[in-house]
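As structure tokens, the structure follows; a few thoughts come after it.
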Amino acid sequence: MHSTEEAAVPTRIIGLISGTSVDGIDAALVEISGTELDLKIELLAGATYPYPAELRERILAVGAGVAISMAELAEIDDAIAQVFAQAAQNIQIGHQPATLIGSHGQTVYHRPPADREIGKKTTPHSPLGYSLQLGRGALITHITGITTVSNFRVADIAIGGHGAPLVPRVDAYLLSHPEEGRCIQNIGGIGNVAYIPPRHGDWLSKIRAWDTGPGNSLLDLAVEHLSAGAKTYDEDGNWAASGTPCDPLVEQWLNQDYFHLPPPKSTGRELFGVAYLHQCLEDAQTYQLNAADLLATLTELTATSIVHSYRTFLPEMPQRVLLCGGGSRNLYLKRRLEFLLPSIPVLTTDEVGLSADFKEAIAFAVLAYWRHLGIPGNLPTATGAPQEVLLGEIHQSQYSVLRQEQ
């Protein structure tokens, strides 16, 4: 465990992540001090760096289950690490250099523990979950010369957790309120929620978090399909806003087993991906929906599944919802959430002082910082792990090693 004196001095750290939408690398350069309740964050710079088009297509193909050789996997792993490293270098331009990088990498496969898999029966010896993030930290360290923490999920998975969601502990210390229960709703490719009760008593043990289901994943895939590749997302939700949701279809889709599986639970494109969209398209033929109606209906599925999740699994409804992630910029989706939660304010984390666009990248900077200080990063009530553990593998920079030896 590192000293509190070390935590009192602001540390400049880079957080890196690319979510299940695979739309680019979110990079955040932050200064961090404190440890937990006294944690302080200053965002110095934030930017999203798009993947090269060919690499993005390869990542999406791997995520969709296309078979590749081990040599191709290694090549993609290195290519992702290189663009992550470039993002880390770019975000520092015009600033004092960082001393640490926290890189989540790019998830290409996620399998929950066996007793959490849809359609699988619980067994006395259920195998551990499995999650693969590409963009190896060792190569990021080698290219940047900066110590990098990566592979955050494996320690939680190794003791029986899901390895996801990992951000709720960060949310707890940055976004909790002394008197107000809040839902922090991230809408990336997959949606995930952290319910944070008022900050008093044994509040940490009462936090609940899980993946709510599709966020932007089905919407982005549908936009790409309906526009014949001309668009990759529905800007501000304008296309969907011009259509009308088909309520019977939403009700049909909400019968999907995942939505009724109690937390802790996690999911990904393995479930809410290309095959799922094709089933949605087939289901929609019965109702003869046009493109706008289909997008409105898929947007309604995201909004309704989030609210259904709250009403079904929360101990009580929140007093405020704070949105973050790319989906927080989808104005039509935000309006639908406001409609479905009429008595609850729906804001973005920007409105309480934390960047909605870069909150996830900031979180992995914090997780790397905690790993450096020897502070656990997971929240057992969120991941289903039996205990707190240190998260992330440290890839030490040779320059850091030399400084320590001198």
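Residues in the structure tokens are named by chain (A, B, ... in the order shown) and by number from 1 within that chain; ligands are numbered from 1 in the order shown.
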Between stretch 200-282 of chain A and stretch 174-184 of chain A, at 12 Å or less, what are the per-residue closest atom pairs and their distances in Å? Count only C-alpha atoms, order by chain and rising residue number, and return it as JSON lines.
```
{"residue": "A:His200", "atom": "CA", "partner": "A:Pro178", "partner_atom": "CA", "distance": 6.4}
{"residue": "A:Gly201", "atom": "CA", "partner": "A:Pro178", "partner_atom": "CA", "distance": 10.2}
{"residue": "A:Trp203", "atom": "CA", "partner": "A:Ser176", "partner_atom": "CA", "distance": 9.8}
{"residue": "A:Leu204", "atom": "CA", "partner": "A:Ser176", "partner_atom": "CA", "distance": 10.1}
{"residue": "A:Lys206", "atom": "CA", "partner": "A:Gly181", "partner_atom": "CA", "distance": 10.8}
{"residue": "A:Ile207", "atom": "CA", "partner": "A:Cys183", "partner_atom": "CA", "distance": 9.9}
{"residue": "A:Arg208", "atom": "CA", "partner": "A:Cys183", "partner_atom": "CA", "distance": 9.4}
{"residue": "A:Ala209", "atom": "CA", "partner": "A:Cys183", "partner_atom": "CA", "distance": 9.1}
{"residue": "A:Trp210", "atom": "CA", "partner": "A:Ile184", "partner_atom": "CA", "distance": 11.0}
{"residue": "A:Asp211", "atom": "CA", "partner": "A:Ile184", "partner_atom": "CA", "distance": 11.7}
{"residue": "A:Thr212", "atom": "CA", "partner": "A:Ile184", "partner_atom": "CA", "distance": 11.7}
```
* To do: Can you list, as number ranges by chain, all residues belonging to stretch 225-366 of chain A that DSSP tags as alpha helix (DSSP H)?
  => A: 225-226, 238-241, 247-253, 274-284, 291-313, 331-340, 359-366
* **Minimum-distance residue to A:Ala158, chosen among A:Gln82, A:Gln279, A:Ser205, A:Ser131 (using only C-alpha atoms)** => A:Ser131
* To do: Tell me which of A:Asp350, A:Ala291, A:Phe259, A:Arg336 sits closest to A:Arg311, counting only C-alpha atoms.
  =>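 The shortest atom-to-atom distance to A:Arg311 comes from A:Phe259.
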* To do: Give the answer as one residue: which of A:Ala365, A:Ile344, A:Ile146, A:Ile76 has the shortest atom-to-atom distance to A:Val62, using only C-alpha atoms?
  => A:Ile76
* To do: Write out as number ranges by chain all residues of stretch 32-254 of chain A that backbone DSSP assigns to strand (DSSP E or B).
  => A: 32-33, 40-49, 100-111, 130-134, 148-150, 182-187, 190-196, 208-214
Would you tabulate, counting only C-alpha atoms, all residues of stretch 16-42 of chain A that have an atom at most 12 Å from an atom of stretch 369-380 of chain A, showing the closest pair of atoms and their distance in Å to one decimal, sorted by chain then ascending number, as JSON lines?
```
{"residue": "A:Val30", "atom": "CA", "partner": "A:Tyr369", "partner_atom": "CA", "distance": 10.8}
{"residue": "A:Glu31", "atom": "CA", "partner": "A:Tyr369", "partner_atom": "CA", "distance": 10.2}
{"residue": "A:Ile32", "atom": "CA", "partner": "A:Tyr369", "partner_atom": "CA", "distance": 7.9}
{"residue": "A:Ser33", "atom": "CA", "partner": "A:Tyr369", "partner_atom": "CA", "distance": 9.2}
{"residue": "A:Gly34", "atom": "CA", "partner": "A:Trp370", "partner_atom": "CA", "distance": 10.1}
{"residue": "A:Thr35", "atom": "CA", "partner": "A:Trp370", "partner_atom": "CA", "distance": 7.5}
{"residue": "A:Glu36", "atom": "CA", "partner": "A:Trp370", "partner_atom": "CA", "distance": 9.0}
{"residue": "A:Leu39", "atom": "CA", "partner": "A:Trp370", "partner_atom": "CA", "distance": 10.5}
{"residue": "A:Lys40", "atom": "CA", "partner": "A:Tyr369", "partner_atom": "CA", "distance": 11.8}
{"residue": "A:Ile41", "atom": "CA", "partner": "A:Tyr369", "partner_atom": "CA", "distance": 11.4}
```
* To do: For A:Arg153, work out the shell of residues within 7 Å, counting only C-alpha atoms and skipping chain neighbours fewer than 6 positions away, then give it as a PyMOL selection string.
  => chain A and resi 163-164+391
Would you write out those residues with all heavy atoms, as a PDB file, in the first residue's frame?
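The resulting selection27.pdb:
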```pdb
ATOM      1  N   GLY A 163     -16.225  -9.600 -13.924  1.00  0.00           N
ATOM      2  CA  GLY A 163     -15.243  -8.690 -14.498  1.00  0.00           C
ATOM      3  C   GLY A 163     -15.893  -7.445 -15.069  1.00  0.00           C
ATOM      4  O   GLY A 163     -15.250  -6.640 -15.738  1.00  0.00           O
ATOM      5  N   ALA A 164     -17.166  -7.255 -14.803  1.00  0.00           N
ATOM      6  CA  ALA A 164     -17.927  -6.103 -15.319  1.00  0.00           C
ATOM      7  C   ALA A 164     -19.227  -6.013 -14.524  1.00  0.00           C
ATOM      8  O   ALA A 164     -19.730  -7.042 -14.046  1.00  0.00           O
ATOM      9  CB  ALA A 164     -18.224  -6.294 -16.806  1.00  0.00           C
ATOM     10  N   LEU A 391      -7.185  -4.526  -9.269  1.00  0.00           N
ATOM     11  CA  LEU A 391      -7.499  -4.756 -10.679  1.00  0.00           C
ATOM     12  C   LEU A 391      -6.370  -4.247 -11.570  1.00  0.00           C
ATOM     13  O   LEU A 391      -5.847  -3.158 -11.353  1.00  0.00           O
ATOM     14  CB  LEU A 391      -8.789  -4.017 -11.069  1.00  0.00           C
ATOM     15  CG  LEU A 391     -10.078  -4.419 -10.351  1.00  0.00           C
ATOM     16  CD1 LEU A 391     -11.240  -3.589 -10.891  1.00  0.00           C
ATOM     17  CD2 LEU A 391     -10.363  -5.908 -10.501  1.00  0.00           C
TER      18      LEU A 391
END
```
Within 12 Å of stretch 3-25 of chain A, which residues of stretch 302-336 of chain A come that close, and what is the closest atom pair and distance in Å for each? Count only C-alpha atoms and give it as JSON lines.
```
{"residue": "A:Gly325", "atom": "CA", "partner": "A:Gly19", "partner_atom": "CA", "distance": 9.4}
{"residue": "A:Gly326", "atom": "CA", "partner": "A:Ser21", "partner_atom": "CA", "distance": 9.1}
{"residue": "A:Gly327", "atom": "CA", "partner": "A:Ser21", "partner_atom": "CA", "distance": 10.5}
```
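Ranking A:His142, A:Arg58, A:His110, A:Arg199 by their shortest atom-to-atom distance to A:Glu75, with only C-alpha atoms included, puts A:Arg58 first.
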* To do: Go through A:Ala222, A:Ile306, A:Leu322, A:Ile157 and flag the residue nearest A:Leu354, using only C-alpha atoms for the distances.
  =>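 Result for the nearest residue to A:Leu354: A:Leu322.
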